file model.cif (mmCIF, C-alpha atoms)
data_target
#
loop_
_atom_site.label_atom_id
_atom_site.label_comp_id
_atom_site.auth_asym_id
_atom_site.auth_seq_id
_atom_site.Cartn_x
_atom_site.Cartn_y
_atom_site.Cartn_z
CA MET A 274 -87.89 -297.37 -67.78
CA SER A 275 -85.61 -299.36 -65.48
CA ALA A 276 -82.97 -297.82 -63.27
CA VAL A 277 -80.27 -299.40 -65.45
CA GLU A 278 -81.71 -297.88 -68.61
CA GLN A 279 -82.03 -294.52 -66.87
CA GLY A 280 -78.41 -294.75 -65.73
CA SER A 281 -77.06 -295.42 -69.22
CA LYS A 282 -78.70 -292.27 -70.57
CA ARG A 283 -77.07 -288.92 -70.27
CA SER A 284 -78.41 -285.44 -70.28
CA TYR A 285 -77.73 -283.14 -73.24
CA VAL A 286 -78.40 -279.52 -74.07
CA LEU A 287 -79.90 -279.16 -77.55
CA LEU A 288 -78.85 -275.95 -79.26
CA HIS A 289 -79.50 -274.26 -82.58
CA VAL A 290 -76.57 -273.12 -84.70
CA GLY A 291 -77.74 -271.64 -87.99
CA ASN A 292 -80.72 -273.75 -89.00
CA ARG A 293 -79.47 -277.00 -87.47
CA ARG A 294 -79.74 -278.54 -84.03
CA PHE A 295 -76.78 -280.00 -82.19
CA ALA A 296 -76.24 -281.40 -78.71
CA LEU A 297 -73.67 -280.80 -75.98
CA ARG A 298 -73.31 -282.86 -72.83
CA SER A 299 -75.16 -280.93 -70.17
CA GLU A 300 -72.42 -281.29 -67.55
CA SER A 301 -70.12 -279.16 -69.71
CA VAL A 302 -72.69 -276.38 -70.09
CA GLU A 303 -72.63 -273.47 -67.62
CA GLU A 304 -75.34 -271.14 -68.83
CA LEU A 305 -77.25 -269.62 -71.69
CA ALA A 306 -76.12 -266.00 -71.69
CA PRO A 307 -78.12 -263.11 -73.14
CA PRO A 308 -76.85 -261.29 -76.24
CA VAL A 309 -74.29 -259.20 -74.36
CA ARG A 310 -71.72 -257.07 -76.11
CA LEU A 311 -69.11 -258.92 -78.15
CA HIS A 312 -65.71 -257.29 -77.72
CA HIS A 313 -63.16 -257.46 -80.54
CA PHE A 314 -59.40 -257.00 -80.60
CA PRO A 315 -56.70 -258.17 -82.99
CA HIS A 316 -55.70 -261.82 -82.84
CA THR A 317 -54.85 -264.68 -85.18
CA THR A 318 -56.81 -267.59 -83.71
CA ALA A 319 -59.19 -269.29 -86.10
CA LEU A 320 -62.88 -269.33 -85.12
CA VAL A 321 -62.53 -266.89 -82.21
CA ALA A 322 -64.99 -264.07 -82.90
CA GLY A 323 -64.14 -262.05 -79.80
CA VAL A 324 -64.87 -262.15 -76.10
CA ILE A 325 -67.85 -261.52 -73.84
CA VAL A 326 -67.80 -260.60 -70.17
CA ARG A 327 -69.85 -262.90 -67.92
CA ARG A 328 -69.84 -262.86 -64.14
CA GLY A 329 -66.56 -260.99 -64.00
CA ARG A 330 -64.82 -263.39 -66.37
CA ILE A 331 -63.66 -262.79 -69.91
CA VAL A 332 -65.00 -265.60 -72.08
CA PRO A 333 -63.82 -266.30 -75.64
CA VAL A 334 -66.58 -266.68 -78.23
CA TYR A 335 -66.14 -269.26 -80.96
CA ASP A 336 -68.10 -268.71 -84.14
CA VAL A 337 -68.63 -272.33 -85.08
CA ALA A 338 -71.41 -271.71 -87.64
CA PRO A 339 -69.05 -271.73 -90.66
CA VAL A 340 -67.71 -275.13 -89.57
CA LEU A 341 -71.07 -276.68 -88.68
CA CYS A 342 -73.31 -275.03 -91.27
CA GLY A 343 -70.86 -273.86 -93.91
CA ARG A 344 -71.75 -270.20 -93.51
CA GLU A 345 -72.07 -267.40 -90.99
CA SER A 346 -75.21 -267.47 -88.90
CA SER A 347 -77.24 -264.30 -89.19
CA VAL A 348 -79.78 -265.01 -86.45
CA HIS A 349 -79.87 -262.93 -83.30
CA ARG A 350 -77.40 -264.49 -80.95
CA PHE A 351 -77.38 -265.69 -77.41
CA TYR A 352 -74.30 -267.38 -76.07
CA LEU A 353 -74.16 -270.90 -74.76
CA VAL A 354 -71.31 -270.94 -72.24
CA ALA A 355 -69.64 -274.33 -71.80
CA ARG A 356 -66.35 -275.59 -70.37
CA ARG A 357 -63.58 -276.29 -72.86
CA ASN A 358 -60.92 -278.66 -71.54
CA PHE A 359 -57.21 -277.94 -71.83
CA GLY A 360 -55.61 -281.05 -70.42
CA THR A 361 -56.45 -281.06 -66.73
CA GLU A 362 -57.78 -277.52 -66.78
CA SER A 363 -60.87 -276.07 -68.34
CA GLU A 364 -62.05 -272.66 -69.43
CA ALA A 365 -65.45 -271.10 -69.98
CA SER A 366 -66.06 -270.81 -73.71
CA ALA A 367 -69.05 -269.43 -75.57
CA ILE A 368 -70.82 -270.45 -78.77
CA PRO A 369 -73.34 -268.11 -80.42
CA VAL A 370 -76.73 -269.81 -80.61
CA ASN A 371 -80.17 -268.56 -81.53
CA GLY A 372 -81.46 -268.96 -77.98
CA GLU A 373 -83.74 -271.94 -78.37
CA CYS A 374 -82.01 -274.45 -76.12
CA GLU A 375 -83.63 -277.40 -74.40
CA LEU A 376 -82.60 -280.33 -72.27
CA ALA A 377 -82.91 -283.90 -73.52
CA ASN A 378 -81.95 -287.28 -72.15
CA GLY A 379 -80.76 -289.98 -74.46
CA GLU A 380 -78.26 -292.64 -75.23
CA ILE A 381 -75.48 -291.56 -77.54
CA GLN A 382 -75.10 -293.52 -80.76
CA PRO A 383 -71.58 -293.99 -82.13
CA THR A 384 -70.33 -291.79 -84.96
CA MET A 385 -70.64 -293.00 -88.53
CA ALA A 386 -67.65 -293.55 -90.78
CA GLY A 387 -66.72 -290.25 -92.37
CA ASP A 388 -68.22 -288.08 -89.63
CA PRO A 389 -65.95 -285.18 -88.68
CA ASP A 390 -64.03 -285.68 -85.45
CA TYR A 391 -65.90 -282.80 -83.84
CA PHE A 392 -68.94 -285.07 -83.61
CA SER A 393 -68.72 -287.53 -80.75
CA GLY A 394 -71.91 -289.39 -81.67
CA SER A 395 -75.56 -288.75 -82.23
CA LEU A 396 -78.82 -288.68 -80.31
CA ASN A 397 -82.23 -289.70 -81.50
CA VAL A 398 -84.72 -287.11 -80.33
CA GLY A 399 -88.17 -287.85 -81.70
CA ASP A 400 -87.65 -288.42 -85.42
CA GLU A 401 -84.58 -286.26 -85.50
CA LYS A 402 -80.99 -287.45 -85.38
CA ILE A 403 -78.94 -284.81 -83.59
CA GLN A 404 -75.16 -284.77 -83.71
CA VAL A 405 -73.39 -284.48 -80.35
CA LEU A 406 -70.57 -281.97 -80.41
CA ASN A 407 -67.06 -282.52 -79.13
CA LEU A 408 -66.33 -278.93 -78.17
CA GLU A 409 -62.56 -279.35 -77.88
CA ALA A 410 -62.26 -280.85 -81.38
CA LEU A 411 -64.72 -278.35 -82.83
CA VAL A 412 -62.95 -275.20 -81.70
CA SER A 413 -59.41 -276.43 -82.07
CA SER A 414 -57.40 -275.11 -84.99
CA ASP A 415 -57.39 -278.53 -86.65
CA ALA A 416 -61.12 -278.40 -87.24
CA THR A 417 -60.65 -275.52 -89.66
CA ALA A 418 -57.16 -276.25 -90.95
CA ASP A 419 -58.41 -277.70 -94.22
CA ASP A 420 -61.18 -275.17 -94.68
CA PRO A 421 -60.19 -272.90 -97.58
CA ALA A 422 -63.00 -270.52 -96.69
CA ARG A 423 -61.07 -269.36 -93.62
CA PRO A 424 -57.75 -267.84 -94.63
CA ALA A 425 -55.30 -267.28 -91.81
CA GLU A 426 -55.48 -263.50 -91.92
CA LEU A 427 -55.61 -261.52 -88.76
CA ARG A 428 -58.98 -261.28 -87.15
CA GLN A 429 -60.46 -258.52 -85.06
CA MET B 150 -47.24 -254.97 -23.32
CA LYS B 151 -49.28 -254.61 -26.48
CA PHE B 152 -53.01 -254.33 -26.69
CA ALA B 153 -54.68 -255.73 -29.74
CA THR B 154 -56.79 -253.16 -31.47
CA PRO B 155 -59.74 -253.95 -33.69
CA ASP B 156 -57.92 -252.35 -36.61
CA ALA B 157 -54.87 -254.57 -36.20
CA ALA B 158 -57.01 -257.67 -36.48
CA LYS B 159 -58.57 -256.58 -39.72
CA PRO B 160 -56.89 -257.92 -42.83
CA ARG B 161 -55.96 -255.03 -45.01
CA ARG B 162 -57.07 -255.12 -48.57
CA VAL B 163 -54.42 -253.53 -50.68
CA ARG B 164 -55.65 -252.90 -54.18
CA HIS B 165 -52.74 -252.60 -56.54
CA SER B 166 -53.29 -250.65 -59.66
CA GLU B 167 -51.07 -249.91 -62.57
CA ALA B 168 -50.89 -246.73 -64.60
CA MET B 169 -51.63 -247.43 -68.24
CA ILE B 170 -51.49 -245.40 -71.41
CA LEU B 171 -54.47 -246.09 -73.65
CA PHE B 172 -53.61 -245.58 -77.30
CA CYS B 173 -55.32 -246.19 -80.63
CA ILE B 174 -54.29 -247.82 -83.85
CA ALA B 175 -56.90 -248.02 -86.61
CA ASN B 176 -59.74 -247.33 -84.15
CA GLN B 177 -58.63 -250.18 -81.90
CA THR B 178 -57.72 -249.24 -78.33
CA PHE B 179 -54.75 -250.86 -76.59
CA ALA B 180 -53.24 -250.36 -73.15
CA ILE B 181 -49.56 -250.31 -72.29
CA ALA B 182 -48.01 -249.83 -68.88
CA ALA B 183 -46.86 -246.25 -68.49
CA ASP B 184 -43.62 -247.59 -67.00
CA ALA B 185 -42.88 -249.39 -70.25
CA VAL B 186 -42.86 -246.15 -72.25
CA GLN B 187 -39.86 -243.88 -72.11
CA GLU B 188 -41.03 -241.13 -74.40
CA ILE B 189 -43.92 -240.17 -76.65
CA ARG B 190 -43.01 -238.11 -79.69
CA SER B 191 -44.86 -236.90 -82.71
CA THR B 192 -43.83 -238.56 -85.95
CA ASP B 193 -43.14 -235.10 -87.38
CA SER B 194 -40.58 -234.37 -84.69
CA LEU B 195 -38.76 -237.62 -85.44
CA GLY B 196 -38.98 -237.27 -89.20
CA GLY B 197 -35.52 -235.76 -89.56
CA SER B 198 -33.75 -238.27 -87.35
CA ALA B 199 -35.42 -241.45 -88.66
CA ILE B 200 -33.17 -243.54 -90.84
CA GLU B 201 -34.70 -245.81 -93.45
CA ILE B 202 -33.63 -249.43 -93.36
CA GLU B 203 -32.85 -250.25 -96.96
CA GLN B 204 -33.09 -254.02 -96.66
CA ALA B 205 -36.66 -254.82 -95.77
CA GLU B 206 -35.89 -257.57 -93.25
CA LEU B 207 -39.22 -257.18 -91.57
CA PRO B 208 -42.12 -255.47 -93.35
CA LYS B 209 -43.34 -254.00 -90.06
CA VAL B 210 -40.01 -252.21 -89.43
CA ARG B 211 -38.95 -249.65 -92.03
CA HIS B 212 -37.04 -247.13 -89.94
CA LEU B 213 -34.75 -246.78 -86.98
CA VAL B 214 -34.13 -243.80 -84.75
CA GLU B 215 -31.18 -242.95 -82.55
CA ARG B 216 -32.13 -241.78 -79.09
CA ALA B 217 -29.62 -241.25 -76.29
CA ARG B 218 -27.01 -243.25 -78.22
CA ARG B 219 -29.33 -246.23 -78.57
CA THR B 220 -30.84 -247.53 -81.78
CA TYR B 221 -34.59 -248.05 -81.68
CA TYR B 222 -36.39 -249.95 -84.38
CA VAL B 223 -39.67 -248.33 -85.34
CA VAL B 224 -42.47 -250.89 -85.54
CA SER B 225 -45.64 -250.11 -87.46
CA GLY B 226 -48.50 -250.85 -85.07
CA CYS B 227 -50.85 -251.47 -88.00
CA ALA B 228 -48.54 -254.06 -89.56
CA HIS B 229 -47.74 -255.69 -86.22
CA PHE B 230 -51.39 -256.25 -85.30
CA GLY B 231 -52.61 -256.81 -88.85
CA LEU B 232 -54.83 -253.74 -88.79
CA ARG B 233 -55.75 -251.57 -91.75
CA VAL B 234 -53.06 -249.08 -92.65
CA THR B 235 -53.52 -245.65 -91.11
CA ARG B 236 -51.37 -242.57 -90.86
CA PRO B 237 -49.65 -242.68 -87.47
CA THR B 238 -49.06 -239.38 -85.74
CA LEU B 239 -47.21 -240.53 -82.63
CA VAL B 240 -44.39 -242.86 -81.76
CA LEU B 241 -44.07 -244.59 -78.40
CA ILE B 242 -40.41 -245.10 -77.57
CA LEU B 243 -40.26 -248.07 -75.24
CA ARG B 244 -38.15 -248.23 -72.14
CA GLN B 245 -36.90 -251.77 -71.74
CA ILE B 246 -36.41 -252.77 -75.35
CA ARG B 247 -34.93 -251.06 -78.37
CA ALA B 248 -38.24 -250.63 -80.10
CA ALA B 249 -40.58 -247.76 -80.82
CA VAL B 250 -44.16 -248.15 -81.97
CA LEU B 251 -46.10 -246.03 -84.43
CA VAL B 252 -49.62 -245.31 -83.17
CA ASP B 253 -52.47 -243.09 -84.31
CA SER B 254 -53.31 -241.32 -81.08
CA ILE B 255 -53.20 -241.38 -77.31
CA GLU B 256 -56.65 -241.77 -75.82
CA ARG B 257 -55.83 -241.08 -72.17
CA MET B 258 -54.16 -242.45 -69.05
CA ALA B 259 -55.99 -244.94 -66.85
CA GLU B 260 -55.41 -246.78 -63.59
CA VAL B 261 -55.95 -250.49 -64.14
CA SER B 262 -56.53 -252.62 -61.07
CA LYS B 263 -56.91 -255.99 -62.73
CA ILE B 264 -55.39 -257.65 -65.77
CA HIS B 265 -57.20 -260.83 -66.76
CA PRO B 266 -55.05 -263.51 -68.33
CA LEU B 267 -55.64 -263.97 -72.03
CA PRO B 268 -58.09 -266.88 -72.30
CA ARG B 269 -56.36 -270.08 -73.36
CA GLY B 270 -58.67 -270.27 -76.33
CA PHE B 271 -56.43 -267.66 -77.93
CA GLU B 272 -53.65 -269.73 -79.39
CA GLY B 273 -51.97 -267.53 -81.99
CA GLU B 274 -49.45 -264.71 -82.11
CA GLU B 275 -51.61 -262.76 -79.68
CA ARG B 276 -50.18 -264.82 -76.84
CA LYS B 277 -46.90 -262.96 -77.46
CA TRP B 278 -48.55 -259.61 -78.11
CA TYR B 279 -50.59 -259.30 -74.94
CA ARG B 280 -49.96 -259.52 -71.21
CA GLY B 281 -53.65 -259.99 -70.79
CA LEU B 282 -56.93 -258.13 -71.03
CA THR B 283 -58.43 -255.43 -68.92
CA TYR B 284 -62.07 -254.47 -68.53
CA LEU B 285 -62.38 -250.74 -68.39
CA GLU B 286 -65.64 -248.82 -68.59
CA ASP B 287 -67.53 -251.56 -70.42
CA ARG B 288 -64.70 -252.22 -72.83
CA VAL B 289 -62.29 -255.13 -73.02
CA ILE B 290 -58.89 -253.72 -73.87
CA PRO B 291 -55.80 -255.79 -74.65
CA VAL B 292 -52.79 -254.95 -72.48
CA ILE B 293 -49.63 -254.91 -74.54
CA HIS B 294 -46.59 -257.01 -73.74
CA PRO B 295 -43.79 -254.65 -74.85
CA GLY B 296 -41.41 -257.54 -75.51
CA GLY B 297 -43.88 -258.92 -78.03
CA PHE B 298 -43.15 -256.30 -80.68
CA LEU B 299 -39.84 -257.82 -81.74
CA THR B 300 -38.26 -261.15 -80.92
CA VAL B 301 -34.56 -261.65 -80.14
CA GLU B 302 -34.13 -263.17 -83.60
CA GLU B 303 -35.84 -260.20 -85.23
CA PHE B 304 -33.55 -257.80 -83.35
CA ALA B 305 -30.53 -259.76 -84.57
CA ARG B 306 -31.75 -259.62 -88.19
CA LEU B 307 -32.50 -255.91 -87.92
CA ASP B 308 -29.10 -255.19 -86.33
CA GLN B 309 -27.46 -256.97 -89.25
CA ALA B 310 -29.55 -255.09 -91.82
CA ALA B 311 -28.89 -251.78 -90.05
CA ALA B 312 -25.12 -252.45 -90.05
CA VAL B 313 -25.16 -253.20 -93.78
CA SER B 314 -27.32 -250.15 -94.42
CA GLY B 315 -24.96 -247.94 -92.37
CA ALA B 316 -21.87 -249.26 -94.17
CA THR B 317 -23.49 -248.64 -97.56
CA GLN B 318 -24.39 -245.08 -96.62
CA GLN B 319 -20.83 -244.44 -95.39
CA MET B 320 -19.39 -245.73 -98.66
CA GLU B 321 -21.79 -243.61 -100.69
CA GLY B 322 -20.81 -240.60 -98.61
CA ALA B 323 -17.11 -241.29 -99.14
CA VAL B 324 -17.58 -241.64 -102.93
CA GLN B 325 -19.56 -238.40 -103.12
CA GLY B 326 -17.01 -236.63 -100.92
#
call {"tool": "encode", "arguments": {"input": "model.cif", "output": "C-alpha cells"}}
result
Amino acid sequence: MSAVEQGSKRSYVLLHVGNRRFALRSESVEELAPPVRLHHFPHTTALVAGVIVRRGRIVPVYDVAPVLCGRESSVHRFYLVARRNFGTESEASAIPVNGECELANGEIQPTMAGDPDYFSGSLNVGDEKIQVLNLEALVSSDATADDPARPAELRQ
Amino acid sequence: MKFATPDAAKPRRVRHSEAMILFCIANQTFAIAADAVQEIRSTDSLGGSAIEIEQAELPKVRHLVERARRTYYVVSGCAHFGLRVTRPTLVLILRQIRAAVLVDSIERMAEVSKIHPLPRGFEGEERKWYRGLTYLEDRVIPVIHPGGFLTVEEFARLDQAAAVSGATQQMEGAVQG
C-alpha cells in the first residue's frame, strides 16, 4: 500500500449495537468503559437513558438501539464513550455496546440515497458493509422525531 | 519589615460546600439548597389553610396557601417531574419564589462540595428544572433549580385564576350570608 493510499484511509472503531455492527471515527472515541452503574433521574430528552460517572465526569448515555436496530438491546452492556460536538464545544457521550469493539482502517464510501442522515457513509470490512455513524445526527432529537415508538413522555 | 513564612507562600485551597436538603418523590432523590427552603411542613398541618384553585390553569398546581401574608402556589412534585403519583406527606415552602412543593419525604441533609453542570446532551425541560447534578455516595442526584417550578407566565396565569377563584368565593359567601 502506498503512502497516499494509507493517508486517504481513516481509522474507525467497530462496535456492536444489538446484533449489528457499526463504525465510529476513532478520533472521536475516548474509551470503552466497563458496565458501570447507570444513574437515572427525571428528564424529557429523547434517547437519553441516564448518566454514568467516568473519571470524575458525568457522562450522558444514549440508548441508540431502538433507532439503529428498531428495538431495545438486551445484551450485557459496556459503554463506548465518544465526543459529541455542540458547535465549537464537545462533550463526552456514551453509547451502550456489547463490548466487542475493534479497530479498522478503511476508506469511507458515500451514503446511498435513502440512508438516514445519522449514517455518514459506509466501510467495507471483509465481506461486510458497515455503516459509519454520525453521532451528532444520531443522538439529536430529530433522529427520533418521526419515530412513533418513542412517545415524548417523561423518562427516568 | 515582613518576613515571608512558608505558610504565606502556600496557596490556600478553600473548598466551598453548600448545605442541601435531600428529598424524595416517588423513590427518586433530589437535592435542593437548604437556603432555598423557608419552611418544611407536613401536608396535614397545611390541610386546613390550603385553598383549592377552582380553575385548573396548571394541572400540577391545585392549591395555594397563605403564609406570612404571601400566596404560595403548591406544586405537585410528581406532576412537575412526570413521576408516578404518590401520596405526599411534606411540603417545602420555598424562600425566593411564591411556590411550595409537595414531596414524599426528606431523606437527610448533606454538604455538597461540587455541582456538575447538566450535560448538554440533556435538551428538554430538565434544563429549567435542575441547577446541575451532584455525585454523592455513589449516586448521581439532580440539584433542583427552585425557579424552575413555575415560570413568570405560569405565576401570572395562577394569580389571575386565584383572583377569580377568590372573587367567586366572596360572592358565594355574600349570597349565603
call {"tool": "closest_atom_pairs", "arguments": {"input": "model.cif", "of": "chain B", "to": "chain A", "cutoff": "8 Å", "atoms": "all atoms listed in the file", "output": "CSV"}}
result
residue,atom,partner,partner_atom,distance
B:Gln177,CA,A:Phe314,CA,7.0
B:Phe230,CA,A:Pro315,CA,6.1
B:Gly231,CA,A:Leu427,CA,5.6
B:Leu232,CA,A:Pro315,CA,7.5
B:His265,CA,A:Ile331,CA,7.4
B:Pro268,CA,A:Pro333,CA,6.7
B:Arg269,CA,A:Glu364,CA,7.4
B:Gly270,CA,A:Pro333,CA,6.5
B:Phe271,CA,A:Thr318,CA,5.8
B:Glu272,CA,A:Thr318,CA,5.8
B:Gly273,CA,A:Thr318,CA,5.1
B:Glu274,CA,A:Thr317,CA,6.2
B:Glu275,CA,A:His316,CA,5.3
B:Arg288,CA,A:His312,CA,7.1
B:Val289,CA,A:His312,CA,6.2
B:Ile290,CA,A:Phe314,CA,7.5
B:Pro291,CA,A:Phe314,CA,7.1
call {"tool": "atom_distance", "arguments": {"input": "model.cif", "atom1": "CA of Ser191 in chain B", "atom2": "CA of Val223 in chain B"}}
result
12.8 Å
call {"tool": "resolve_selection", "arguments": {"input": "model.cif", "expression": "the PyMOL selection byres ((chain A and resi 373) around 10)", "output": "list in words"}}
result
Leu287, Leu288, His289, Val290, Arg294, Leu305, Phe351, Val370, Asn371, Gly372, Cys374 and Glu375 of chain A
call {"tool": "resolve_selection", "arguments": {"input": "model.cif", "expression": "the PyMOL selection byres ((chain A and resi 392) around 6)", "output": "list in words"}}
result
Pro389, Asp390, Tyr391, Ser393, Gly394, Val405, Leu406 and Asn407 of chain A
call {"tool": "closest_residue", "arguments": {"input": "model.cif", "among": "A:Gly379, A:Glu300, A:Gly387, A:Ala306", "to": "Tyr352 in chain A", "atoms": "all atoms listed in the file"}}
result
A:Ala306
call {"tool": "atom_distance", "arguments": {"input": "model.cif", "atom1": "CA of Leu396 in chain A", "atom2": "CA of Phe295 in chain A"}}
result
9.1 Å
call {"tool": "atom_distance", "arguments": {"input": "model.cif", "atom1": "CA of Gly196 in chain B", "atom2": "CA of Leu241 in chain B"}}
result
14.0 Å
call {"tool": "residues_around", "arguments": {"input": "model.cif", "residues": "Thr178 in chain B", "least_positions_apart": "3", "cutoff": "8 Å", "atoms": "all atoms listed in the file", "output": "PDB file with C-alpha atoms, in the coordinates of the input"}}
result
ATOM      1  CA  LEU B 171     -54.470-246.090 -73.650  1.00  0.00           C
ATOM      2  CA  PHE B 172     -53.610-245.580 -77.300  1.00  0.00           C
ATOM      3  CA  CYS B 173     -55.320-246.190 -80.630  1.00  0.00           C
ATOM      4  CA  ILE B 174     -54.290-247.820 -83.850  1.00  0.00           C
ATOM      5  CA  GLU B 256     -56.650-241.770 -75.820  1.00  0.00           C
ATOM      6  CA  ILE B 290     -58.890-253.720 -73.870  1.00  0.00           C
ATOM      7  CA  PRO B 291     -55.800-255.790 -74.650  1.00  0.00           C
TER       8      PRO B 291
END
call {"tool": "closest_residue", "arguments": {"input": "model.cif", "among": "A:Ala367, A:Leu408, A:Ile403, A:Val337", "to": "Pro307 in chain A", "atoms": "only C-alpha atoms"}}
result
A:Ala367
call {"tool": "resolve_selection", "arguments": {"input": "model.cif", "expression": "the PyMOL selection byres ((chain B and resi 192) around 7)", "output": "PyMOL selection string"}}
result
chain B and resi 190-191+193-196+238-240
call {"tool": "residues_around", "arguments": {"input": "model.cif", "residues": "Glu203 in chain B", "least_positions_apart": "2", "cutoff": "9 Å", "atoms": "only C-alpha atoms", "output": "JSON list (two decimals) with C-alpha atoms, in the frame of the given file"}}
result
[["chain", "number", "residue", "atom", "x", "y", "z"],
["B", 201, "GLU", "CA", -34.70, -245.81, -93.45],
["B", 205, "ALA", "CA", -36.66, -254.82, -95.77],
["B", 206, "GLU", "CA", -35.89, -257.57, -93.25],
["B", 211, "ARG", "CA", -38.95, -249.65, -92.03],
["B", 212, "HIS", "CA", -37.04, -247.13, -89.94],
["B", 310, "ALA", "CA", -29.55, -255.09, -91.82],
["B", 311, "ALA", "CA", -28.89, -251.78, -90.05],
["B", 313, "VAL", "CA", -25.16, -253.20, -93.78],
["B", 314, "SER", "CA", -27.32, -250.15, -94.42]]
call {"tool": "closest_residue", "arguments": {"input": "model.cif", "among": "B:Ala168, B:Ala182, B:Arg247, B:Arg233", "to": "Glu303 in chain B", "atoms": "only C-alpha atoms"}}
result
B:Arg247
call {"tool": "residues_around", "arguments": {"input": "model.cif", "residues": "Glu188 in chain B", "least_positions_apart": "2", "cutoff": "12 Å", "atoms": "only C-alpha atoms", "output": "MDAnalysis selection string"}}
result
chainID B and resid 170 183:186 190:191 195 216:217 221 239:245 248:250
call {"tool": "residues_near_point", "arguments": {"input": "model.cif", "point": "(-44.3, -253.6, -74.7)", "cutoff": "7 Å", "atoms": "all atoms listed in the file", "output": "list in words"}}
result
Ile181, Ala185, Leu243, Ile293, His294, Pro295, Gly296, Gly297 and Phe298 of chain B
call {"tool": "residues_around", "arguments": {"input": "model.cif", "residues": "Val234 in chain B", "least_positions_apart": "6", "cutoff": "9 Å", "atoms": "only C-alpha atoms", "output": "list in words"}}
result
Ile174, Ala175, Cys227 and Ala228 of chain B
call {"tool": "closest_residue", "arguments": {"input": "model.cif", "among": "A:Asp400, A:Val354, A:Val340, A:Arg328", "to": "Val302 in chain A", "atoms": "only C-alpha atoms"}}
result
A:Val354
call {"tool": "decode", "arguments": {"input": "model.cif", "residues": "range 356-375 of chain A", "atoms": "N, CA and C atoms", "output": "mmCIF file, in the first residue's frame"}}
result
data_model
loop_
_atom_site.group_PDB
_atom_site.id
_atom_site.type_symbol
_atom_site.label_atom_id
_atom_site.label_comp_id
_atom_site.auth_asym_id
_atom_site.auth_seq_id
_atom_site.Cartn_x
_atom_site.Cartn_y
_atom_site.Cartn_z
ATOM 1 N N ARG A 356 -16.831 11.646 21.828
ATOM 2 C CA ARG A 356 -17.107 13.074 21.943
ATOM 3 C C ARG A 356 -18.271 13.440 21.038
ATOM 4 N N ARG A 357 -19.260 14.116 21.593
ATOM 5 C CA ARG A 357 -20.351 14.660 20.791
ATOM 6 C C ARG A 357 -20.116 16.155 20.649
ATOM 7 N N ASN A 358 -20.164 16.658 19.444
ATOM 8 C CA ASN A 358 -19.894 18.081 19.213
ATOM 9 C C ASN A 358 -21.147 18.926 19.391
ATOM 10 N N PHE A 359 -20.959 20.054 20.043
ATOM 11 C CA PHE A 359 -22.007 21.078 20.170
ATOM 12 C C PHE A 359 -21.378 22.363 19.662
ATOM 13 N N GLY A 360 -21.474 22.610 18.379
ATOM 14 C CA GLY A 360 -20.809 23.779 17.808
ATOM 15 C C GLY A 360 -19.314 23.642 17.968
ATOM 16 N N THR A 361 -18.711 24.591 18.676
ATOM 17 C CA THR A 361 -17.259 24.553 18.848
ATOM 18 C C THR A 361 -16.843 23.740 20.068
ATOM 19 N N GLU A 362 -17.833 23.339 20.863
ATOM 20 C CA GLU A 362 -17.504 22.560 22.057
ATOM 21 C C GLU A 362 -17.886 21.100 21.858
ATOM 22 N N SER A 363 -17.373 20.272 22.733
ATOM 23 C CA SER A 363 -17.766 18.864 22.649
ATOM 24 C C SER A 363 -17.944 18.310 24.053
ATOM 25 N N GLU A 364 -18.616 17.183 24.124
ATOM 26 C CA GLU A 364 -18.946 16.603 25.425
ATOM 27 C C GLU A 364 -18.819 15.085 25.330
ATOM 28 N N ALA A 365 -18.297 14.484 26.368
ATOM 29 C CA ALA A 365 -18.219 13.024 26.400
ATOM 30 C C ALA A 365 -19.632 12.458 26.440
ATOM 31 N N SER A 366 -19.874 11.481 25.593
ATOM 32 C CA SER A 366 -21.204 10.889 25.473
ATOM 33 C C SER A 366 -21.024 9.383 25.325
ATOM 34 N N ALA A 367 -21.929 8.626 25.917
ATOM 35 C CA ALA A 367 -21.750 7.171 25.915
ATOM 36 C C ALA A 367 -22.869 6.462 25.164
ATOM 37 N N ILE A 368 -22.485 5.387 24.489
ATOM 38 C CA ILE A 368 -23.450 4.525 23.796
ATOM 39 C C ILE A 368 -23.295 3.119 24.377
ATOM 40 N N PRO A 369 -24.388 2.485 24.787
ATOM 41 C CA PRO A 369 -24.259 1.097 25.259
ATOM 42 C C PRO A 369 -23.899 0.180 24.088
ATOM 43 N N VAL A 370 -22.892 -0.649 24.291
ATOM 44 C CA VAL A 370 -22.476 -1.605 23.260
ATOM 45 C C VAL A 370 -22.265 -2.950 23.952
ATOM 46 N N ASN A 371 -22.108 -3.993 23.169
ATOM 47 C CA ASN A 371 -21.977 -5.299 23.831
ATOM 48 C C ASN A 371 -20.533 -5.636 24.196
ATOM 49 N N GLY A 372 -19.616 -4.704 23.938
ATOM 50 C CA GLY A 372 -18.251 -4.890 24.409
ATOM 51 C C GLY A 372 -17.269 -5.331 23.354
ATOM 52 N N GLU A 373 -17.771 -5.923 22.277
ATOM 53 C CA GLU A 373 -16.851 -6.390 21.241
ATOM 54 C C GLU A 373 -16.535 -5.256 20.277
ATOM 55 N N CYS A 374 -15.520 -4.492 20.594
ATOM 56 C CA CYS A 374 -15.129 -3.378 19.727
ATOM 57 C C CYS A 374 -13.764 -3.685 19.122
ATOM 58 N N GLU A 375 -13.551 -3.271 17.917
ATOM 59 C CA GLU A 375 -12.233 -3.443 17.297
ATOM 60 C C GLU A 375 -11.927 -2.241 16.429
#
